[in-house]
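Asks: Questions regarding the structure given below will be posed in turn.
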Number of protein chains: 2
Amino acid sequence: MSDVRVAGTGVTPFGSTPERTSRDLFARASQTAFEDSDVPRDDVEAVFYGNFMGELAEHQGHQGPLMAEAAGVQAPATRYESACASSGAAIREAVVRIRNGEADVVLVGGAERMTNLGTAGATEALAIAADDLWEVRAGMTFPGAYALMAQAYFEEYGGEHEDLAHIAVKNHENALTNDKAQYQSAIEVSDVLEAPQVSSPLGLYDSCPISDGAAALVLTSEDYAEDNDLEAPVAITGTGQGGDRMALHDREYLARSPAAREAGAEAYDDAGIDASAVDFAEVHDCFTIAEVLAIEALDIAGVGEGISAARDGRTTADGETPVNLSGGLKAKGHPVGATGASQIAEAATLLSGDHPNSEFVADATTALAHNAGGTVASATVHVLAEVEP
Amino acid sequence: MSDVRVAGTGVTPFGSTPERTSRDLFARASQTAFEDSDVPRDDVEAVFYGNFMGELAEHQGHQGPLMAEAAGVQAPATRYESACASSGAAIREAVVRIRNGEADVVLVGGAERMTNLGTAGATEALAIAADDLWEVRAGMTFPGAYALMAQAYFEEYGGEHEDLAHIAVKNHENALTNDKAQYQSAIEVSDVLEAPQVSSPLGLYDSCPISDGAAALVLTSEDYAEDNDLEAPVAITGTGQGGDRMALHDREYLARSPAAREAGAEAYDDAGIDASAVDFAEVHDCFTIAEVLAIEALDIAGVGEGISAARDGRTTADGETPVNLSGGLKAKGHPVGATGASQIAEAATLLSGDHPNSEFVADATTALAHNAGGTVASATVHVLAEVEP
């Protein structure tokens, strides 16, 4: 089974660019990825593209072939939609395809245009990731759903808003050096605690922003990378996917994410490692509480211990296992369809030493990326590893 | 490499059931597929689901986990969207996954709820499969696009509306015995020619209907089928996918479908056959002209010769290579996300002898299914073969 190499990455600045179409954004990200990779577009055999709300934001479905064209690629293309884990799902399929010898070179990525909908419009569009009949029509939005999960967590394991605030502070701090990040501004715990409340206990600074952006990856087989002397020092060595009931009320626990645990266990097994091998992780922190649930599900923190990880400095840049060195969704931004691919791009450049924050993980050999959809009814996890020279 | 077996199929009646949700439809199709397969739901390792316009018709994205739940399955689930080829794309991934040993049992399928939008609303929603910026905003709808393709075909290769009419007559005739078909009514050439014009040269009877429906397949590895003594006499032996420019004006020819040709060539090569081995085919006849373009791209008819195939009786039930024995999209109906999976279900039951129209293909060993998205900017092709006892 061939290893999968990350040959090139491209991420647009994340932020508010309502005037740019998603095809513009993806063209830009893929241009950077191709330049970074030294792989000619003609070698691409398939395109795997993640997008979530294109039908609502741009009246545009069928984005697979559209984005292949925007990227200047002539190859079969498919769009994957798994809510906020859309490009995670696309990456998973690309990895499977390459390592089984079905393709040597693929383009993977995702994009989302959201700010043109306005904040209320985007929040309403995001709600299609929840169960329309039984959640959305009852008034549920995602800030509300994650607030319920936070409250359940506090009840079951303890913790308080101030613990969550340290996650936001950490992720903003990490984003200071990331010029792609939507927010390059330091915040303090008091800022989080004093910010307007969105849905108790979550406030404005517990929530990721509405963002536009795109991310693209050129992935190749090991053989292709070696035959073409590519500089591709990072491999994707493990992939996993998990699923859960769609609606919160159908779950046994609100404060656990079995889909992420399932995806993580599969990815660890696939990579032949356990969680102790993970040097740093990019996880899906759409809200601060989501980072807690993620690191617990991925065994980076014990159950009930994730809440204090940032506050205790275990997941800060200089901690034992830095989490979201890119700034995470919280500060880097969350253009939904781009997020999963951007996590892989950030983790790969952190590992290869090309990221401003690489200094914090200079000895790292193994990283993890976790992408989640909805209230984690879907999750994908990928393990990345430095290739031994 | 393991062969992929069709262990069970389930298709709801196609038609107008605006009061039924897509989850209701898919639950029903998958229930039938599981009953038909003798495979316990607990054995399912992944769900591959195709849907096109759920965001617009039901305000519902993230349908992967929702449909896994509707089917009573606990497994990771992903939604594939490739316009009208959505479940074709899902099947392709499922096939790749099984034959590389990554899964032994999967549930694949798709559903679409459309009639609740009304005819104008559904036509508008369908248009998101075209390029919004450069086609839809200029007034293009799919009947208009396929009419342009038909006009280009007539100019390049000759032919007339009456040739197309024979395709509609044939597909209605084939559907007479199919109790899942939306239209079980015979029509005559004069009905087609005298029907209201939709977009010259296409009239009402050249166009598939707006439909609700779902289709599901239980696919397994060869080993699983044999170890469990399943009655699974049909295998998927070839898969292919092709892509093209999204907008018609970016193509060199309007009267050819290179994406279908690419998908077909790959599927034939994958199955180790050529077109001459195909005993019958289910092709994507969203409009009568689409069947012409499809059979030419798939080498079932020579270029310029597809137009007369139905009229000359080469593709009728008793012809050399029957096409759309199910009734096709034209008469069976076209609930978009379900179509690709329903084609495989129809072809498999035709091959196994369990279809009312099996009598026409009693000696058949090899079938083909072709699913197309938009104006064939996406296409998938699958080859099915009777398993030797």
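Just remember, in the structure tokens the first chain shown is A, the second B, etc., residues are 1-based per chain, and ligands are 1-based in the order shown.
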Let's see if you can do this: from backbone DSSP, list all helix (DSSP H, G or I) residues in range 250-343 of chain A, as a ChimeraX atom specification.
Replies: /A:250,258-271,275-277,288-297,306-308,328-332,336-343
Asks: Counting only C-alpha atoms, which residues from chain A have an atom at most 9 Å from any atom of chain B, and could you show them as an MDAnalysis selection string?
Replies: chainID A and resid 52:53 55:56 58:66 68:69 74:84 86 89 93 96:97 100 102 125:133 241:247 259 263 373:374 377:379
Asks: At a cut-off of 6 Å, using only C-alpha atoms, what residues contact range 166-181 of chain A? Leave out same-chain residues fewer than 3 positions from it and give the result as a list in words.
Replies: Pro13, Phe14, Asp163, Gln184, Ala186, Ile187, Glu188, Ala310, Arg311, Leu325, Ser326, Gly327, Ala331 and Lys332 of chain A
Asks: Write out, as a PDB file, in the first residue's frame, the residues just selected, with C-alpha atoms.
Replies:
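Everything below was put into selection-v3.pdb:
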```pdb
ATOM      1  CA  PRO A  13      -6.424  34.378   3.609  1.00  0.00           C
ATOM      2  CA  PHE A  14      -9.558  33.587   5.607  1.00  0.00           C
ATOM      3  CA  ASP A 163     -11.843  27.377  31.443  1.00  0.00           C
ATOM      4  CA  GLN A 184      -4.496  38.353  14.266  1.00  0.00           C
ATOM      5  CA  ALA A 186      -4.426  38.925  21.122  1.00  0.00           C
ATOM      6  CA  ILE A 187      -7.300  38.686  23.563  1.00  0.00           C
ATOM      7  CA  GLU A 188      -7.384  38.138  27.318  1.00  0.00           C
ATOM      8  CA  ALA A 310      -5.587  25.119  27.880  1.00  0.00           C
ATOM      9  CA  ARG A 311      -5.830  26.753  31.280  1.00  0.00           C
ATOM     10  CA  LEU A 325      -1.184  26.149  16.551  1.00  0.00           C
ATOM     11  CA  SER A 326      -2.733  27.642  13.395  1.00  0.00           C
ATOM     12  CA  GLY A 327      -5.202  29.606  15.502  1.00  0.00           C
ATOM     13  CA  ALA A 331      -9.036  32.726  15.218  1.00  0.00           C
ATOM     14  CA  LYS A 332      -7.929  31.454  11.811  1.00  0.00           C
TER      15      LYS A 332
END
```
Asks: With a distance cut-off of 9 Å and only C-alpha atoms, select the neighbouring residues of Leu254 in chain A, excluding the residue or stretch itself and same-chain residues fewer than 5 positions from it, and output the selection as a list in words.
Replies: Leu148, Met149, Ala150, Gln151, Ala152, Tyr153, Leu248 and His249 of chain A
Asks: Please return, as an MDAnalysis selection string, all residues of range 97-240 of chain A that DSSP assigns to strand (DSSP E or B) on the basis of the backbone.
Replies: chainID A and resid 105:112 197:199 202:203 207 212:221 234:240
Asks: Residues within 8 Å of range 317-324 of chain A, please, as an NGL selection string. Count only C-alpha atoms; anything in the same chain fewer than 4 positions from it doesn't count.
Replies: :A and (170-171 or 174 or 278-283 or 300 or 313 or 328 or 360)
Asks: Next, write the just-selected residues to a file, as a JSON list (two decimals), in the first residue's frame, keeping all heavy atoms as the atom set.
Replies:
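Heads up, here's the output in result.json:
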```json
[["chain", "number", "residue", "atom", "x", "y", "z"],
["A", 170, "LYS", "N", -5.75, 31.15, 23.93],
["A", 170, "LYS", "CA", -4.68, 30.35, 23.32],
["A", 170, "LYS", "C", -4.74, 30.40, 21.79],
["A", 170, "LYS", "O", -3.73, 30.62, 21.12],
["A", 170, "LYS", "CB", -4.80, 28.90, 23.79],
["A", 170, "LYS", "CG", -3.99, 27.89, 22.99],
["A", 170, "LYS", "CD", -4.13, 26.47, 23.52],
["A", 170, "LYS", "CE", -5.46, 25.79, 23.23],
["A", 170, "LYS", "NZ", -5.70, 25.52, 21.80],
["A", 171, "ASN", "N", -5.93, 30.20, 21.26],
["A", 171, "ASN", "CA", -6.03, 30.11, 19.80],
["A", 171, "ASN", "C", -5.79, 31.47, 19.13],
["A", 171, "ASN", "O", -5.19, 31.54, 18.05],
["A", 171, "ASN", "CB", -7.35, 29.45, 19.39],
["A", 171, "ASN", "CG", -7.36, 27.97, 19.79],
["A", 171, "ASN", "OD1", -6.33, 27.42, 20.21],
["A", 171, "ASN", "ND2", -8.52, 27.32, 19.71],
["A", 174, "ASN", "N", -2.05, 31.89, 19.17],
["A", 174, "ASN", "CA", -1.40, 31.10, 18.11],
["A", 174, "ASN", "C", -1.54, 31.74, 16.73],
["A", 174, "ASN", "O", -0.67, 31.57, 15.87],
["A", 174, "ASN", "CB", -2.01, 29.69, 18.06],
["A", 174, "ASN", "CG", -1.60, 28.84, 19.26],
["A", 174, "ASN", "OD1", -0.63, 29.16, 19.95],
["A", 174, "ASN", "ND2", -2.34, 27.79, 19.51],
["A", 278, "VAL", "N", 1.10, 11.50, 19.25],
["A", 278, "VAL", "CA", 0.71, 12.77, 18.61],
["A", 278, "VAL", "C", 1.49, 13.94, 19.25],
["A", 278, "VAL", "O", 1.37, 14.19, 20.44],
["A", 278, "VAL", "CB", -0.81, 13.01, 18.73],
["A", 278, "VAL", "CG1", -1.20, 14.39, 18.22],
["A", 278, "VAL", "CG2", -1.57, 11.92, 17.99],
["A", 279, "ASP", "N", 2.28, 14.63, 18.44],
["A", 279, "ASP", "CA", 3.06, 15.75, 18.96],
["A", 279, "ASP", "C", 2.26, 17.04, 19.01],
["A", 279, "ASP", "O", 2.50, 17.88, 19.87],
["A", 279, "ASP", "CB", 4.31, 15.94, 18.10],
["A", 279, "ASP", "CG", 5.26, 14.75, 18.20],
["A", 279, "ASP", "OD1", 5.56, 14.35, 19.35],
["A", 279, "ASP", "OD2", 5.66, 14.21, 17.15],
["A", 280, "PHE", "N", 1.35, 17.21, 18.06],
["A", 280, "PHE", "CA", 0.45, 18.37, 18.09],
["A", 280, "PHE", "C", -0.77, 18.07, 17.24],
["A", 280, "PHE", "O", -0.74, 17.15, 16.41],
["A", 280, "PHE", "CB", 1.16, 19.66, 17.63],
["A", 280, "PHE", "CG", 1.57, 19.65, 16.19],
["A", 280, "PHE", "CD1", 0.72, 20.15, 15.20],
["A", 280, "PHE", "CD2", 2.81, 19.16, 15.81],
["A", 280, "PHE", "CE1", 1.10, 20.14, 13.86],
["A", 280, "PHE", "CE2", 3.19, 19.15, 14.46],
["A", 280, "PHE", "CZ", 2.34, 19.65, 13.49],
["A", 281, "ALA", "N", -1.83, 18.85, 17.44],
["A", 281, "ALA", "CA", -3.08, 18.56, 16.74],
["A", 281, "ALA", "C", -3.80, 19.83, 16.30],
["A", 281, "ALA", "O", -3.75, 20.86, 16.99],
["A", 281, "ALA", "CB", -4.01, 17.75, 17.65],
["A", 282, "GLU", "N", -4.43, 19.73, 15.14],
["A", 282, "GLU", "CA", -5.41, 20.74, 14.71],
["A", 282, "GLU", "C", -6.78, 20.10, 14.90],
["A", 282, "GLU", "O", -7.07, 19.06, 14.28],
["A", 282, "GLU", "CB", -5.19, 21.09, 13.23],
["A", 282, "GLU", "CG", -3.92, 21.86, 12.94],
["A", 282, "GLU", "CD", -3.98, 23.31, 13.42],
["A", 282, "GLU", "OE1", -4.99, 23.99, 13.17],
["A", 282, "GLU", "OE2", -3.02, 23.74, 14.10],
["A", 283, "VAL", "N", -7.60, 20.69, 15.76],
["A", 283, "VAL", "CA", -8.94, 20.12, 15.98],
["A", 283, "VAL", "C", -10.02, 21.15, 15.68],
["A", 283, "VAL", "O", -9.75, 22.35, 15.61],
["A", 283, "VAL", "CB", -9.11, 19.55, 17.42],
["A", 283, "VAL", "CG1", -7.99, 18.58, 17.76],
["A", 283, "VAL", "CG2", -9.23, 20.67, 18.44],
["A", 300, "ILE", "N", -6.28, 12.84, 23.54],
["A", 300, "ILE", "CA", -5.20, 13.80, 23.82],
["A", 300, "ILE", "C", -5.34, 14.28, 25.27],
["A", 300, "ILE", "O", -4.37, 14.61, 25.94],
["A", 300, "ILE", "CB", -5.25, 14.96, 22.81],
["A", 300, "ILE", "CG1", -4.88, 14.43, 21.43],
["A", 300, "ILE", "CG2", -4.33, 16.11, 23.23],
["A", 300, "ILE", "CD1", -5.13, 15.42, 20.30],
["A", 313, "GLY", "N", -2.09, 24.89, 30.52],
["A", 313, "GLY", "CA", -0.93, 25.01, 29.63],
["A", 313, "GLY", "C", -0.52, 23.72, 28.95],
["A", 313, "GLY", "O", 0.54, 23.64, 28.34],
["A", 328, "GLY", "N", -6.65, 27.77, 14.91],
["A", 328, "GLY", "CA", -7.91, 27.02, 14.94],
["A", 328, "GLY", "C", -9.03, 27.75, 14.20],
["A", 328, "GLY", "O", -8.82, 28.82, 13.62],
["A", 360, "PHE", "N", 7.70, 25.93, 17.70],
["A", 360, "PHE", "CA", 7.13, 25.30, 18.91],
["A", 360, "PHE", "C", 7.11, 23.78, 18.82],
["A", 360, "PHE", "O", 6.91, 23.11, 19.83],
["A", 360, "PHE", "CB", 5.71, 25.82, 19.17],
["A", 360, "PHE", "CG", 5.66, 27.28, 19.50],
["A", 360, "PHE", "CD1", 5.13, 28.21, 18.60],
["A", 360, "PHE", "CD2", 6.16, 27.75, 20.72],
["A", 360, "PHE", "CE1", 5.09, 29.56, 18.92],
["A", 360, "PHE", "CE2", 6.12, 29.10, 21.03],
["A", 360, "PHE", "CZ", 5.59, 30.01, 20.13]]
```
Asks: CA of Ile210 in chain B and CA of Gly306 in chain B, how far apart in Å?
Replies: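 Between CA of Gly306 in chain B and CA of Ile210 in chain B the gap is 25.5 Å.
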Asks: Show me, as a PyMOL selection string, the residues that have an atom within 7 Å of range 6-12 of chain A when counting only C-alpha atoms, minus same-chain residues fewer than 4 positions from it.
Replies: chain A and resi 25+28-30+32-34+36-37+180+213-220+230-232+234-235+342+345
Asks: Suppose you want the space between CA of Asn116 in chain A and CA of Pro18 in chain A; what is it in Å?
Replies: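 These atoms are spaced 4.5 Å apart.
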Asks: Could you check the closest approach to Cys208 in chain A for each of A:Gly121, A:Thr237, A:Gly15, A:Arg92 and tell me which residue wins, using only C-alpha atoms?
Replies: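 Of A:Gly121, A:Thr237, A:Gly15, A:Arg92, the one nearest Cys208 in chain A, counting only C-alpha atoms, is A:Gly15.
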Asks: What's the separation between CA of Leu164 in chain B and CA of Val292 in chain B, in Å to one decimal place?
Replies: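 It comes out at 8.3 Å.
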Asks: Mind checking which residues fall within 10 Å of Tyr224 in chain A, counting only C-alpha atoms, ignoring those fewer than 2 positions away in the same chain, and posting them as a list in words?
Replies: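 After dropping sequence-adjacent residues, the list is Ser2, Val4, Arg5, Ala7, Val39, Ala103, Asp104, Val105, Leu219, Thr220, Ser221, Glu222, Glu226, Asp227, Asn228, Asp229 and Leu230 of chain A.
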